[in-house]
Each structure stands twice: as structure tokens, then as C-alpha cells.
file model28.pdb (PDB, C-alpha atoms and all ligand atoms)
ATOM      1  CA  MET A 505      -4.172  56.513  -2.828
ATOM      2  CA  ASN A 506      -3.683  53.470  -0.558
ATOM      3  CA  ILE A 507      -5.798  50.496  -1.451
ATOM      4  CA  PRO A 508      -6.204  47.823   1.276
ATOM      5  CA  THR A 509      -4.204  44.739   0.527
ATOM      6  CA  PRO A 510      -6.206  41.738  -0.707
ATOM      7  CA  ARG A 511      -4.851  39.665   2.223
ATOM      8  CA  MET A 512      -6.436  42.016   4.832
ATOM      9  CA  SER A 513      -9.841  42.169   3.169
ATOM     10  CA  ARG A 514      -9.915  38.405   2.679
ATOM     11  CA  ARG A 515      -9.292  37.832   6.373
ATOM     12  CA  ARG A 516     -12.173  40.128   7.356
ATOM     13  CA  ARG A 517     -14.635  38.733   4.832
ATOM     14  CA  PRO A 518     -17.404  36.641   6.487
ATOM     15  CA  LYS A 519     -17.196  32.950   5.705
ATOM     16  CA  THR A 520     -19.585  31.641   3.052
ATOM     17  CA  SER A 521     -21.871  28.752   3.956
ATOM     18  CA  ARG A 522     -19.839  26.628   1.591
ATOM     19  CA  GLY A 523     -16.774  27.448   3.631
ATOM     20  CA  ILE A 524     -18.503  26.429   6.865
ATOM     21  CA  LEU A 525     -19.751  23.176   5.331
ATOM     22  CA  HIS A 526     -16.246  22.475   4.226
ATOM     23  CA  GLN A 527     -15.040  22.945   7.798
ATOM     24  CA  LEU A 528     -17.833  20.743   9.133
ATOM     25  CA  SER A 529     -16.738  17.928   6.878
ATOM     26  CA  ARG A 530     -13.357  17.808   8.595
ATOM     27  CA  PRO A 531     -13.391  15.194  11.387
ATOM     28  CA  PRO A 532     -11.922  17.345  14.190
ATOM     29  CA  PHE A 533     -14.587  20.031  13.704
ATOM     30  CA  ARG A 534     -17.413  17.520  13.703
ATOM     31  CA  LEU A 535     -16.109  16.045  16.912
ATOM     32  CA  ARG A 536     -16.093  19.453  18.580
ATOM     33  CA  ALA A 537     -19.629  20.159  17.383
ATOM     34  CA  LEU A 538     -20.849  16.912  18.924
ATOM     35  CA  GLY A 539     -18.976  17.714  22.106
ATOM     36  CA  ARG A 540     -21.370  20.609  22.700
ATOM     37  CA  HIS A 541     -24.276  18.188  22.901
ATOM     38  CA  ASP A 542     -25.160  15.409  25.255
ATOM     39  CA  GLY A 543     -24.966  11.694  24.629
ATOM     40  CA  SER A 544     -28.539  11.586  23.310
ATOM     41  CA  CYS A 545     -27.597  13.791  20.359
ATOM     42  CA  TYR A 546     -24.732  11.522  19.590
ATOM     43  CA  ARG A 547     -26.921   8.448  19.803
ATOM     44  CA  ALA A 548     -29.685  10.135  17.743
ATOM     45  CA  MET A 549     -27.150  10.930  15.097
ATOM     46  CA  SER A 550     -25.849   7.367  14.937
ATOM     47  CA  ALA A 551     -29.433   6.089  14.742
ATOM     48  CA  GLY A 552     -30.171   8.506  11.872
ATOM     49  CA  ARG A 553     -32.989  10.260  13.728
ATOM     50  CA  THR A 554     -33.906  13.897  13.082
ATOM     51  CA  ARG A 555     -33.166  17.054  15.011
ATOM     52  CA  ALA A 556     -36.437  16.744  16.941
ATOM     53  CA  THR A 557     -34.591  14.476  19.371
ATOM     54  CA  CYS A 558     -31.740  16.931  19.828
ATOM     55  CA  PRO A 559     -31.992  19.120  22.932
ATOM     56  CA  HIS A 560     -29.851  21.854  21.403
ATOM     57  CA  ARG A 561     -30.835  22.520  17.814
ATOM     58  CA  SER A 562     -28.115  24.831  16.641
ATOM     59  CA  ASP A 563     -27.104  25.958  13.211
ATOM     60  CA  GLN A 564     -24.043  23.812  13.571
ATOM     61  CA  TRP A 565     -26.248  20.832  14.321
ATOM     62  CA  ASP A 566     -28.525  21.567  11.328
ATOM     63  CA  ARG A 567     -25.559  21.721   9.064
ATOM     64  CA  THR A 568     -24.191  18.495  10.454
ATOM     65  CA  LEU A 569     -27.542  16.801   9.763
ATOM     66  CA  ILE A 570     -27.688  18.227   6.257
ATOM     67  CA  GLU A 571     -24.250  16.905   5.678
ATOM     68  CA  MET A 572     -25.431  13.522   6.953
ATOM     69  CA  GLY A 573     -28.062  13.467   4.189
ATOM     70  CA  ASN A 574     -31.048  14.897   6.082
ATOM     71  CA  PRO A 575     -31.842  18.114   4.172
ATOM     72  CA  THR A 576     -35.302  18.696   5.705
ATOM     73  CA  PRO A 577     -34.916  18.548   9.489
ATOM     74  CA  ASP A 578     -38.059  18.700  11.613
ATOM     75  CA  VAL A 579     -38.650  22.335  12.579
ATOM     76  CA  SER A 580     -41.370  21.765  15.164
ATOM     77  CA  VAL A 581     -40.993  23.626  18.466
ATOM     78  CA  GLN A 582     -42.417  21.731  21.382
ATOM     79  CA  PRO A 583     -44.211  23.204  24.421
ATOM     80  CA  VAL A 584     -42.602  22.796  27.840
ATOM     81  CA  VAL A 585     -43.904  23.729  31.274
ATOM     82  CA  VAL A 586     -41.379  24.855  33.875
ATOM     83  CA  VAL A 587     -41.908  24.352  37.608
ATOM     84  CA  GLY A 588     -40.499  27.293  39.563
ATOM     85  CA  ALA A 589     -40.535  31.050  39.072
ATOM     86  CA  GLY A 590     -37.501  32.262  40.997
ATOM     87  CA  GLY A 591     -33.935  33.149  40.075
ATOM     88  CA  HIS A 592     -32.972  29.622  39.039
ATOM     89  CA  ALA A 593     -36.081  29.445  36.840
ATOM     90  CA  LYS A 594     -34.970  32.596  35.006
ATOM     91  CA  VAL A 595     -31.714  30.931  33.967
ATOM     92  CA  ILE A 596     -33.563  27.768  32.970
ATOM     93  CA  ILE A 597     -36.168  29.628  30.858
ATOM     94  CA  GLU A 598     -33.379  31.246  28.862
ATOM     95  CA  LEU A 599     -31.506  27.969  28.463
ATOM     96  CA  ILE A 600     -34.571  26.090  27.254
ATOM     97  CA  GLN A 601     -35.624  28.816  24.811
ATOM     98  CA  ALA A 602     -32.066  29.007  23.434
ATOM     99  CA  GLN A 603     -32.097  25.273  22.668
ATOM    100  CA  GLY A 604     -34.460  26.202  19.852
ATOM    101  CA  CYS A 605     -36.548  23.030  19.852
ATOM    102  CA  TYR A 606     -38.690  24.009  22.874
ATOM    103  CA  ARG A 607     -40.939  26.880  23.890
ATOM    104  CA  VAL A 608     -41.680  27.550  27.569
ATOM    105  CA  VAL A 609     -45.470  27.934  27.582
ATOM    106  CA  GLY A 610     -45.960  28.603  31.282
ATOM    107  CA  LEU A 611     -44.604  28.444  34.806
ATOM    108  CA  ILE A 612     -45.991  26.528  37.749
ATOM    109  CA  ASP A 613     -45.189  27.954  41.152
ATOM    110  CA  ALA A 614     -46.127  27.450  44.796
ATOM    111  CA  ASP A 615     -47.436  31.037  44.558
ATOM    112  CA  PRO A 616     -49.791  30.922  41.550
ATOM    113  CA  THR A 617     -50.536  34.697  41.555
ATOM    114  CA  PRO A 618     -50.703  35.622  37.841
ATOM    115  CA  ARG A 619     -47.500  37.402  36.789
ATOM    116  CA  THR A 620     -44.770  37.023  34.222
ATOM    117  CA  VAL A 621     -41.140  36.023  34.651
ATOM    118  CA  LEU A 622     -38.948  36.963  31.679
ATOM    119  CA  GLY A 623     -42.116  37.216  29.622
ATOM    120  CA  VAL A 624     -43.436  33.768  30.619
ATOM    121  CA  GLN A 625     -46.763  33.645  32.464
ATOM    122  CA  VAL A 626     -47.211  31.926  35.828
ATOM    123  CA  ILE A 627     -50.185  29.705  34.960
ATOM    124  CA  GLY A 628     -50.857  27.783  38.128
ATOM    125  CA  ALA A 629     -49.711  25.787  41.122
ATOM    126  CA  ASP A 630     -48.502  22.199  41.460
ATOM    127  CA  ARG A 631     -52.068  20.836  41.519
ATOM    128  CA  ASP A 632     -52.580  22.169  37.943
ATOM    129  CA  LEU A 633     -49.865  19.964  36.471
ATOM    130  CA  VAL A 634     -52.073  16.930  35.962
ATOM    131  CA  ARG A 635     -54.638  19.112  34.108
ATOM    132  CA  LEU A 636     -51.838  20.496  31.910
ATOM    133  CA  ARG A 637     -50.687  16.986  31.101
ATOM    134  CA  GLY A 638     -54.264  16.204  30.029
ATOM    135  CA  SER A 639     -54.263  19.271  27.757
ATOM    136  CA  GLY A 640     -51.463  17.852  25.641
ATOM    137  CA  ILE A 641     -48.336  19.390  27.188
ATOM    138  CA  ASN A 642     -46.074  16.456  27.817
ATOM    139  CA  LYS A 643     -42.677  18.006  28.485
ATOM    140  CA  ALA A 644     -41.562  19.603  31.738
ATOM    141  CA  PHE A 645     -38.553  20.864  33.634
ATOM    142  CA  VAL A 646     -38.256  21.469  37.376
ATOM    143  CA  ALA A 647     -36.334  24.695  37.992
ATOM    144  CA  LEU A 648     -36.147  24.744  41.789
ATOM    145  CA  GLY A 649     -32.901  25.419  43.631
ATOM    146  CA  ASP A 650     -33.880  23.188  46.564
ATOM    147  CA  ASN A 651     -32.387  19.783  45.751
ATOM    148  CA  ARG A 652     -34.934  17.699  47.646
ATOM    149  CA  ARG A 653     -38.002  19.441  46.211
ATOM    150  CA  ARG A 654     -36.565  19.409  42.694
ATOM    151  CA  VAL A 655     -36.080  15.644  42.791
ATOM    152  CA  ALA A 656     -39.411  14.915  44.496
ATOM    153  CA  ILE A 657     -41.433  17.001  42.036
ATOM    154  CA  GLY A 658     -39.417  15.779  39.043
ATOM    155  CA  ARG A 659     -40.082  12.153  39.965
ATOM    156  CA  ASP A 660     -43.798  12.880  40.467
ATOM    157  CA  LEU A 661     -44.049  14.553  37.064
ATOM    158  CA  ALA A 662     -42.295  11.650  35.364
ATOM    159  CA  HIS A 663     -44.698   9.337  37.166
ATOM    160  CA  VAL A 664     -47.762  11.117  35.722
ATOM    161  CA  GLY A 665     -46.303  10.886  32.218
ATOM    162  CA  PHE A 666     -44.295  14.072  31.662
ATOM    163  CA  GLU A 667     -41.085  13.737  29.714
ATOM    164  CA  MET A 668     -38.438  15.489  31.821
ATOM    165  CA  ILE A 669     -36.263  17.366  29.345
ATOM    166  CA  ASN A 670     -32.718  18.631  29.917
ATOM    167  CA  ALA A 671     -31.769  22.327  29.898
ATOM    168  CA  ILE A 672     -28.301  22.524  28.452
ATOM    169  CA  SER A 673     -26.512  25.679  27.419
ATOM    170  CA  ARG A 674     -25.096  25.796  23.954
ATOM    171  CA  ALA A 675     -22.047  27.336  25.601
ATOM    172  CA  ALA A 676     -21.421  24.209  27.693
ATOM    173  CA  VAL A 677     -18.915  21.623  26.534
ATOM    174  CA  ILE A 678     -19.983  18.046  27.135
ATOM    175  CA  SER A 679     -17.953  14.990  26.225
ATOM    176  CA  PRO A 680     -19.701  12.592  23.856
ATOM    177  CA  SER A 681     -18.860   9.835  26.343
ATOM    178  CA  ALA A 682     -20.561  11.633  29.253
ATOM    179  CA  GLN A 683     -23.898  10.229  30.382
ATOM    180  CA  LEU A 684     -26.720  12.575  31.305
ATOM    181  CA  GLY A 685     -29.884  11.676  33.165
ATOM    182  CA  ARG A 686     -33.210  13.481  32.740
ATOM    183  CA  GLY A 687     -34.196  16.890  34.102
ATOM    184  CA  VAL A 688     -30.531  17.921  34.156
ATOM    185  CA  ALA A 689     -29.412  21.585  33.953
ATOM    186  CA  ILE A 690     -25.982  22.439  32.570
ATOM    187  CA  MET A 691     -25.259  26.146  32.456
ATOM    188  CA  ALA A 692     -23.058  28.304  30.238
ATOM    189  CA  GLY A 693     -19.330  27.735  30.443
ATOM    190  CA  ALA A 694     -19.636  24.380  32.201
ATOM    191  CA  VAL A 695     -17.377  21.559  31.063
ATOM    192  CA  VAL A 696     -18.250  17.881  31.581
ATOM    193  CA  ASN A 697     -15.380  15.655  30.629
ATOM    194  CA  ALA A 698     -15.019  12.083  29.395
ATOM    195  CA  ALA A 699     -16.893   9.184  30.994
ATOM    196  CA  THR A 700     -18.557  11.373  33.604
ATOM    197  CA  SER A 701     -22.091  10.605  34.650
ATOM    198  CA  ILE A 702     -24.629  13.270  35.656
ATOM    199  CA  GLY A 703     -27.674  11.940  37.500
ATOM    200  CA  ASP A 704     -31.345  12.893  37.090
ATOM    201  CA  PHE A 705     -32.283  16.442  38.174
ATOM    202  CA  ALA A 706     -28.666  17.440  38.871
ATOM    203  CA  ILE A 707     -27.439  20.992  38.263
ATOM    204  CA  VAL A 708     -24.007  21.798  36.849
ATOM    205  CA  ASN A 709     -23.968  25.536  37.351
ATOM    206  CA  THR A 710     -22.281  28.325  35.399
ATOM    207  CA  GLY A 711     -18.627  27.724  34.636
ATOM    208  CA  ALA A 712     -18.324  24.537  36.701
ATOM    209  CA  LEU A 713     -15.630  22.129  35.507
ATOM    210  CA  ILE A 714     -16.054  18.393  36.006
ATOM    211  CA  ASP A 715     -13.195  16.254  34.882
ATOM    212  CA  HIS A 716     -13.142  12.644  33.656
ATOM    213  CA  ASP A 717     -14.834   9.637  35.271
ATOM    214  CA  ALA A 718     -16.722  11.716  37.828
ATOM    215  CA  THR A 719     -20.108  10.681  39.186
ATOM    216  CA  ILE A 720     -22.655  13.331  40.067
ATOM    217  CA  ALA A 721     -25.612  11.598  41.661
ATOM    218  CA  GLU A 722     -29.326  12.394  41.436
ATOM    219  CA  GLY A 723     -30.323  15.905  42.472
ATOM    220  CA  ALA A 724     -26.811  17.095  43.315
ATOM    221  CA  HIS A 725     -25.929  20.735  42.687
ATOM    222  CA  ILE A 726     -22.440  21.680  41.518
ATOM    223  CA  GLY A 727     -22.307  25.431  42.183
ATOM    224  CA  PRO A 728     -20.960  28.121  39.860
ATOM    225  CA  GLY A 729     -17.229  27.969  39.229
ATOM    226  CA  CYS A 730     -16.591  24.636  40.972
ATOM    227  CA  ALA A 731     -13.612  22.598  39.771
ATOM    228  CA  LEU A 732     -13.760  18.833  40.299
ATOM    229  CA  ALA A 733     -10.796  16.662  39.390
ATOM    230  CA  GLY A 734     -11.027  13.182  37.863
ATOM    231  CA  ASN A 735     -12.890  10.323  39.606
ATOM    232  CA  VAL A 736     -14.654  12.610  42.082
ATOM    233  CA  ARG A 737     -18.004  11.308  43.364
ATOM    234  CA  ILE A 738     -20.735  13.655  44.521
ATOM    235  CA  GLY A 739     -23.564  11.998  46.429
ATOM    236  CA  ARG A 740     -27.290  12.286  45.942
ATOM    237  CA  LEU A 741     -28.721  15.754  46.832
ATOM    238  CA  ALA A 742     -25.306  17.097  47.829
ATOM    239  CA  CYS A 743     -24.587  20.770  47.210
ATOM    240  CA  LEU A 744     -21.187  22.296  46.468
ATOM    241  CA  GLY A 745     -21.102  26.061  47.066
ATOM    242  CA  VAL A 746     -19.691  28.580  44.621
ATOM    243  CA  GLY A 747     -16.061  27.939  43.673
ATOM    244  CA  THR A 748     -15.580  24.666  45.559
ATOM    245  CA  SER A 749     -12.737  22.503  44.310
ATOM    246  CA  ALA A 750     -12.155  18.780  44.858
ATOM    247  CA  THR A 751      -8.939  16.798  44.468
ATOM    248  CA  PRO A 752      -8.883  13.540  42.444
ATOM    249  CA  GLY A 753     -10.928  10.626  43.697
ATOM    250  CA  THR A 754     -12.558  12.373  46.650
ATOM    251  CA  THR A 755     -16.162  11.643  47.620
ATOM    252  CA  VAL A 756     -18.845  13.955  48.958
ATOM    253  CA  GLY A 757     -21.608  12.080  50.784
ATOM    254  CA  ALA A 758     -25.310  12.234  50.083
ATOM    255  CA  GLY A 759     -27.022  15.411  51.271
ATOM    256  CA  ALA A 760     -23.731  17.062  52.258
ATOM    257  CA  LEU A 761     -23.323  20.823  51.953
ATOM    258  CA  VAL A 762     -19.873  22.189  51.153
ATOM    259  CA  GLY A 763     -19.325  25.914  51.743
ATOM    260  CA  ALA A 764     -18.345  28.362  49.053
ATOM    261  CA  GLY A 765     -14.645  28.368  48.204
ATOM    262  CA  ALA A 766     -13.839  25.126  50.027
ATOM    263  CA  CYS A 767     -11.171  22.726  48.837
ATOM    264  CA  ILE A 768     -12.115  19.080  49.339
ATOM    265  CA  VAL A 769      -9.011  16.945  49.928
ATOM    266  CA  ARG A 770     -10.607  14.180  52.074
ATOM    267  CA  ASP A 771     -13.996  12.455  51.792
ATOM    268  CA  ILE A 772     -16.953  14.343  53.257
ATOM    269  CA  PRO A 773     -19.529  12.107  55.010
ATOM    270  CA  ASP A 774     -23.269  11.994  54.293
ATOM    271  CA  ALA A 775     -25.300  14.996  55.500
ATOM    272  CA  ALA A 776     -22.187  16.866  56.670
ATOM    273  CA  VAL A 777     -21.715  20.613  56.428
ATOM    274  CA  ALA A 778     -18.087  21.328  55.566
ATOM    275  CA  ARG A 779     -16.141  24.447  54.674
ATOM    276  CA  GLY A 780     -12.669  25.928  54.404
ATOM    277  CA  VAL A 781      -9.343  25.126  52.794
ATOM    278  CA  PRO A 782      -8.836  22.249  53.260
ATOM    279  CA  ALA A 783     -12.524  21.519  53.855
ATOM    280  CA  LYS A 784     -13.377  20.465  57.429
ATOM    281  CA  VAL A 785     -16.686  19.103  58.652
ATOM    282  CA  ILE A 786     -18.341  21.615  60.998
ATOM    283  CA  SER A 787     -21.575  19.732  61.638
ATOM    284  CA  VAL A 788     -23.590  16.717  60.549
ATOM    285  CA  GLN A 789     -27.314  17.105  60.109
ATOM    286  CA  GLN A 790     -28.320  13.678  61.444
ATOM    287  CA  ASP A 791     -32.032  14.321  60.949
ATOM    288  CA  ARG A 792     -31.623  15.112  57.244
ATOM    289  CA  LYS A 793     -33.813  12.890  55.115
ATOM    290  CA  LEU A 794     -31.790  11.588  52.217
TER     291      LEU A 794
HETATM  292  C1  LIG B   1     -20.732  27.246  54.671
HETATM  293  C2  LIG B   1     -22.163  27.751  54.766
HETATM  294  C3  LIG B   1     -23.119  26.600  54.437
HETATM  295  C4  LIG B   1     -22.360  28.212  56.194
HETATM  296  O1  LIG B   1     -23.600  28.783  56.325
HETATM  297  P1  LIG B   1     -24.067  29.358  57.769
HETATM  298  O2  LIG B   1     -24.070  28.239  58.749
HETATM  299  O3  LIG B   1     -25.347  30.100  57.550
HETATM  300  O4  LIG B   1     -22.851  30.285  58.134
HETATM  301  P2  LIG B   1     -22.862  31.788  58.700
HETATM  302  O5  LIG B   1     -23.101  32.742  57.580
HETATM  303  O6  LIG B   1     -23.769  31.849  59.895
HETATM  304  O7  LIG B   1     -21.359  31.933  59.176
HETATM  305  C5  LIG B   1     -20.838  31.193  60.264
HETATM  306  C6  LIG B   1     -19.341  31.332  60.268
HETATM  307  O8  LIG B   1     -18.819  30.611  59.158
HETATM  308  C7  LIG B   1     -18.047  31.475  58.312
HETATM  309  N1  LIG B   1     -18.306  31.046  56.949
HETATM  310  C8  LIG B   1     -19.481  31.076  56.304
HETATM  311  N2  LIG B   1     -19.355  30.570  55.072
HETATM  312  C9  LIG B   1     -18.069  30.212  54.952
HETATM  313  C10 LIG B   1     -17.333  29.634  53.883
HETATM  314  N3  LIG B   1     -17.901  29.303  52.737
HETATM  315  N4  LIG B   1     -16.032  29.375  54.071
HETATM  316  C11 LIG B   1     -15.432  29.704  55.260
HETATM  317  N5  LIG B   1     -16.085  30.265  56.302
HETATM  318  C12 LIG B   1     -17.394  30.511  56.134
HETATM  319  C13 LIG B   1     -18.547  32.873  58.608
HETATM  320  O9  LIG B   1     -17.568  33.829  58.322
HETATM  321  C14 LIG B   1     -18.850  32.772  60.076
HETATM  322  O10 LIG B   1     -17.640  32.868  60.771
HETATM  323  P3  LIG B   1     -17.580  33.630  62.201
HETATM  324  O11 LIG B   1     -18.491  32.845  63.116
HETATM  325  O12 LIG B   1     -16.141  33.546  62.588
HETATM  326  O13 LIG B   1     -18.079  35.013  61.944
HETATM  327  C15 LIG B   1     -22.477  28.900  53.762
HETATM  328  O14 LIG B   1     -21.837  30.099  54.151
HETATM  329  C16 LIG B   1     -22.056  28.609  52.343
HETATM  330  O15 LIG B   1     -20.899  28.801  51.931
HETATM  331  N6  LIG B   1     -23.033  28.133  51.513
HETATM  332  C17 LIG B   1     -22.838  27.862  50.132
HETATM  333  C18 LIG B   1     -23.758  28.759  49.295
HETATM  334  C19 LIG B   1     -23.530  28.593  47.828
HETATM  335  O16 LIG B   1     -22.467  28.890  47.318
HETATM  336  N7  LIG B   1     -24.566  28.095  47.127
HETATM  337  C20 LIG B   1     -24.579  27.935  45.695
HETATM  338  C21 LIG B   1     -25.568  28.894  45.133
HETATM  339  S1  LIG B   1     -25.780  28.759  43.421
END

call {"tool": "encode", "arguments": {"input": "model28.pdb", "output": "C-alpha cells"}}
result
Amino acid sequence: MNIPTPRMSRRRRPKTSRGILHQLSRPPFRLRALGRHDGSCYRAMSAGRTRATCPHRSDQWDRTLIEMGNPTPDVSVQPVVVVGAGGHAKVIIELIQAQGCYRVVGLIDADPTPRTVLGVQVIGADRDLVRLRGSGINKAFVALGDNRRRVAIGRDLAHVGFEMINAISRAAVISPSAQLGRGVAIMAGAVVNAATSIGDFAIVNTGALIDHDATIAEGAHIGPGCALAGNVRIGRLACLGVGTSATPGTTVGAGALVGAGACIVRDIPDAAVARGVPAKVISVQQDRKL
């Protein structure tokens, strides 16, 4: 009778926790693990704080902390209210829940009709946010696709004392030298490379790639599958449609809208609508409030 060779069965055997810890102790692995987090994790780790400050909480992260001499990480799960109940909110709910350290306790929507979205109850309209803050919920995320409204509401919530958390997929890769603002969404498969800065309330959508030294300003939306080369600058409230690409060093002005599939090879002015390969300006919305 044929007995499987020891080499085969060893390869298929699941790794023991000791084996994983051993891998974590090797510098390249630890670097990769940190790369999945944002700068705040990195800073929290250097400052010796616990996982409660980490927006991801993953097993990898726990193990890294244990290795750092913190065997009893804080396991508290903190309540978060999400503003918005549409398609974008669905993605955000799943991202926030997957981070592990937060629980979405309710949704606030312009239409407060009681209903559930992915199992989360719509609990009120914008006017109810101040009451919620008074009831002890102090973390929020604005999950609205409209750039202007997202920024306006996010700023208001911060003003009344909400902490605006980030919603970052564990399947995103973020350089430890990248800087993230507050209220930022980074979806699965996105890559944010070295020395890039992502402003408050910006969205880096599914599978978008942002190379080194880029600046994504407040409230900008980088659509799914975009590819931005190094030193690209995207202005405040600008929106890049699905699959837009941008060559190195190009700038997209504030409030500009770039059509799906465009290739930006020259700067796009403020409030312009541009599309095509190479991208050409087709109109400028002079009355747009930036
Ligand atoms: C470019 C865009 C803003 C134009 O919107 P619009 O003014 O409503 O355009 P219309 O649908 O009326 O189309 C007008 C013309 O532009 C063409 N067109 C539309 N979008 C285009 C695009 N992305 N690239 C090239 N041509 C485009 C249409 O084919 C049409 O051409 P025609 O007049 O010869 O038939 C829009 O199509 C777009 O690409 N938005 C980005 C959406 C997106 O990806 N959002 C991210 C979601 S997560």
C-alpha cells in the first residue's frame, strides 16, 4: 500500500501558533503586518499603547502586541454610528465591523423610516445626532457618496464632539509612512504607497492604487480601480471615476469630476468635468461651491 510521503503531509499541515509567532518575529514579516495598518497603528505601537487605538484589530496585530510584551490587549468593542444608509454605507458597515474594535449600533439617514441595512437599524435623521452624542456614543463615520455632504456633515459631527473614525479594509495595503486624516474610507484591494497623504473624509475605493508622494485632499473620492502614479495631487472634493489613471506629477483641481476610464496626462482645472484618453476638459462648472 502507498503511504503519503512525509514531505507532502508536512506541507499540508496547518501552521502551529508557535510557527506563526516565529514568522512574526522576523523583521520583514512585521513590516508587512504594519503595512496593512495606518500611521496611527504604527505610532500607537511605538508609544506602547494597546490595541484599543488600532482601527484594524486583527489576529496578526494581536500577535504582534503579544510579542511586544502586551499579553492582555483591551478587548472592548466600541459603538459607532454611521451616517448614510445607501450602497456606500453598506460597504462601510462591513469594513467597520471587520475592523473588530467597533460595532455599528445604528444608521442615521435623511429618510429616518425604520428599516435595517445589512442588519443595522436606521435609528433616526441628522437632527438625532446630538441626542446620540449625549447618550454616550462618541464615534461616528459619514458614509455618503456625495463629497460635499460627506465633508459638511463630518465637520459638523466633529464640531459637536464625535470622534470621526476611519473605515479601513484589512485587505488594503497602506505604507507606514502614509498619513491618513479622519473619517477616511479605504476599501479592499487599495494600495496607498510611501509618503502619500489622504485628507479627512476622502474615499480610496476598491482596488485603487495610489503611488508614492501623492496628495489626496479633503473629501476627494478616488473611484474603484483608479491608478495614480507618484506625486499626483487630487484637489479637495474632486472625484475620479472608475478606472481613471493619472501620469506622474499631474494635478486634478478642487471639485473636478473625471469620467470613468480617463487617462490624466495634463493638469485638470478646478471644477472641470473631464473625460477620455487623454482626458480633455468638456465643461467647467463655474457655479460649483468648493
Ligand atoms: C464623464 C461623466 C461625468 C459624464 O456624465 P454625463 O454628462 O451624464 O454624460 P452622458 O451619460 O450624458 O454622456 C454624454 C456623452 O459622453 C460620453 N461619455 C460619458 N461618460 C464617458 C466617459 N467616462 N468617457 C468617455 N465618454 C463618456 C457618452 O457616451 C455620451 O457621448 P455621446 O453624446 O456621443 O452619446 C460620467 O459618464 C462619468 O464617467 N462619471 C463617473 C462615474 C464614476 O465612475 N463614479 C465613481 C462611482 S464609485

call {"tool": "residues_near_ligand", "arguments": {"input": "model28.pdb", "ligand": "ligand LIG 1 (chain B)", "cutoff": "9 Å", "atoms": "only C-alpha atoms and all ligand atoms", "output": "list in words"}}
result
His592, Gly649, Asn709, Thr710, His725, Ile726, Gly727, Pro728, Cys743, Leu744, Gly745, Val746, Gly747, Thr748, Leu761, Val762, Gly763, Ala764, Gly765, Ala766, Val777, Ala778, Arg779, Gly780, Val781, Ala783 and Ile786 of chain A

call {"tool": "resolve_selection", "arguments": {"input": "model28.pdb", "expression": "the PyMOL selection byres (((chain A and resi 602) around 8) and not hetatm)", "output": "ChimeraX atom specification"}}
result
/A:560,598-601,603-604,673-674

call {"tool": "atom_distance", "arguments": {"input": "model28.pdb", "atom1": "atom CA of Ala731 of chain A", "atom2": "atom CA of Gly711 of chain A"}}
result
8.8 Å

call {"tool": "resolve_selection", "arguments": {"input": "model28.pdb", "expression": "the PyMOL selection byres (((chain A and resi 775) around 12) and not hetatm)", "output": "VMD selection string"}}
result
chain A and resid 738 to 743 756 to 762 772 to 774 776 to 778 785 to 794

call {"tool": "axis_aligned_box", "arguments": {"input": "model28.pdb", "around": "segment 709-726 of chain A", "padding_each_side": "4 Å", "output": "lines of an AutoDock Vina configuration file"}}
result
center_x = -21.7
center_y = 19.0
center_z = 38.5
size_x = 25.2
size_y = 26.7
size_z = 17.7

call {"tool": "closest_atom_pairs", "arguments": {"input": "model28.pdb", "of": "segment 602-674 of chain A", "to": "segment 686-691 of chain A", "cutoff": "8 Å", "atoms": "all atoms listed in the file", "output": "tab-separated table"}}
result
residue	atom	partner	partner_atom	distance
A:Phe645	CA	A:Gly687	CA	5.9
A:Val646	CA	A:Gly687	CA	6.9
A:Gly658	CA	A:Gly687	CA	7.3
A:Met668	CA	A:Gly687	CA	5.0
A:Ile669	CA	A:Gly687	CA	5.2
A:Asn670	CA	A:Gly687	CA	4.8
A:Ala671	CA	A:Ala689	CA	4.7
A:Ile672	CA	A:Ile690	CA	4.7
A:Ser673	CA	A:Met691	CA	5.2

call {"tool": "atom_distance", "arguments": {"input": "model28.pdb", "atom1": "atom CA of Gly723 of chain A", "atom2": "atom CA of Ala662 of chain A"}}
result
14.6 Å

call {"tool": "resolve_selection", "arguments": {"input": "model28.pdb", "expression": "the PyMOL selection byres (((chain A and resi 631) around 12) and not hetatm)", "output": "PyMOL selection string"}}
result
chain A and resi 587+612-616+627-630+632-637+657+660-661

call {"tool": "residues_around", "arguments": {"input": "model28.pdb", "residues": "Gly623 of chain A", "least_positions_apart": "4", "cutoff": "10 Å", "atoms": "all atoms listed in the file", "output": "list of chain:residue names"}}
result
A:Ile597, A:Val608, A:Gly610, A:Arg619

call {"tool": "residues_around", "arguments": {"input": "model28.pdb", "residues": "Ala750 of chain A", "least_positions_apart": "5", "cutoff": "9 Å", "atoms": "all atoms listed in the file", "output": "list in words"}}
result
Cys730, Ala731, Leu732, Ala733, Val736, Thr755, Ala766, Cys767, Ile768, Val769 and Arg770 of chain A

call {"tool": "atom_distance", "arguments": {"input": "model28.pdb", "atom1": "atom CA of Val677 of chain A", "atom2": "atom CA of Pro583 of chain A"}}
result
25.4 Å

call {"tool": "closest_residue", "arguments": {"input": "model28.pdb", "among": "A:Asp771, A:Gly591, A:Ser749, A:Ala706", "to": "Val655 of chain A", "atoms": "only C-alpha atoms"}}
result
A:Ala706
